[in-house]
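**Q** One structure, as structure tokens, below. Some questions next.
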Amino acid sequence: MKLNPVFETKTLSQSKVYLIDGTQYRYVQTESSGKNSKYVFAPLPNQRKTSEIFLNSTKLGIKCQEIEGQTYEPPKEQTVVQMGLL
């Protein structure tokens, strides 16, 4: 497993997997309030942690690493059609 540090916020992608404090996360969105932007990450399924985390650009460069070659694809919604008896 090769890890690449994330220094540029422009490289964040919702399809990539990131390792933060030993837990695998996916990038969700950027919340901006003036100069202070926060980057939201949600843990992947079956991870020990279950809540989203918020990182500013400084902590992003320190804690966040991209797992090279691993991607996240959200589960496809299954449409269930129920047939009624006539």
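Lettering and numbering for the structure tokens are positional, with chains as A, B, ... in the shown order, residues counted from 1 in each chain, and ligands counted from 1 in the shown order.
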Which residues of segment 26-85 of chain A sit at most 6 Å from segment 1-14 of chain A, using only C-alpha atoms? Give each one's shortest atom pair and distance in Å (one decimal place), in chain and ascending residue order, as JSON lines.
**A**
{"residue": "A:Tyr27", "atom": "CA", "partner": "A:Gln14", "partner_atom": "CA", "distance": 4.9}
{"residue": "A:Gly61", "atom": "CA", "partner": "A:Phe7", "partner_atom": "CA", "distance": 4.9}
{"residue": "A:Cys64", "atom": "CA", "partner": "A:Val6", "partner_atom": "CA", "distance": 6.0}
{"residue": "A:Gln65", "atom": "CA", "partner": "A:Pro5", "partner_atom": "CA", "distance": 4.4}
{"residue": "A:Glu66", "atom": "CA", "partner": "A:Asn4", "partner_atom": "CA", "distance": 5.0}
{"residue": "A:Ile67", "atom": "CA", "partner": "A:Leu3", "partner_atom": "CA", "distance": 4.9}
{"residue": "A:Glu68", "atom": "CA", "partner": "A:Lys2", "partner_atom": "CA", "distance": 5.5}
**Q** Using DSSP assignments from the backbone, pull out every residue in chain A that falls under strand (DSSP E) and give it to me as a PyMOL selection string.
**A** chain A and resi 3-5+16-20+23-33+36-43+53-55+64-71
**Q** Emit the selected residues as a compact mmCIF listing (two decimals), in the first residue's frame, including C-alpha atoms.
**A**
# COMPACT_ATOMS: atom_id res chain seq x y z
CA LEU A 3 0.68 6.42 0.57
CA ASN A 4 1.00 9.88 -0.96
CA PRO A 5 0.74 12.97 1.28
CA LYS A 16 -10.12 8.40 -3.96
CA VAL A 17 -9.51 6.77 -0.58
CA TYR A 18 -7.57 8.64 2.11
CA LEU A 19 -5.88 7.39 5.27
CA ILE A 20 -6.29 9.70 8.27
CA THR A 23 -8.79 5.01 9.32
CA GLN A 24 -9.85 4.98 5.68
CA TYR A 25 -11.97 7.95 4.61
CA ARG A 26 -13.50 9.38 1.46
CA TYR A 27 -13.61 13.07 0.66
CA VAL A 28 -17.15 14.49 0.82
CA GLN A 29 -17.06 18.26 0.32
CA THR A 30 -15.45 21.59 1.16
CA GLU A 31 -17.17 23.95 3.56
CA SER A 32 -16.03 27.54 3.10
CA SER A 33 -16.50 30.44 5.45
CA ASN A 36 -11.18 29.39 6.54
CA SER A 37 -12.06 26.35 4.46
CA LYS A 38 -12.78 23.00 6.06
CA TYR A 39 -12.58 19.73 4.20
CA VAL A 40 -15.13 17.08 5.16
CA PHE A 41 -14.23 13.39 5.15
CA ALA A 42 -16.55 10.44 5.89
CA PRO A 43 -15.25 7.01 6.95
CA ILE A 53 -14.19 14.65 10.38
CA PHE A 54 -13.33 18.21 9.38
CA LEU A 55 -9.76 19.22 8.51
CA CYS A 64 -4.15 13.11 5.29
CA GLN A 65 -2.54 10.61 2.91
CA GLU A 66 -3.97 9.28 -0.34
CA ILE A 67 -3.91 5.50 -0.75
CA GLU A 68 -2.55 5.06 -4.26
CA GLY A 69 -4.48 2.66 -6.49
CA GLN A 70 -7.52 2.36 -4.23
CA THR A 71 -10.80 3.98 -5.24
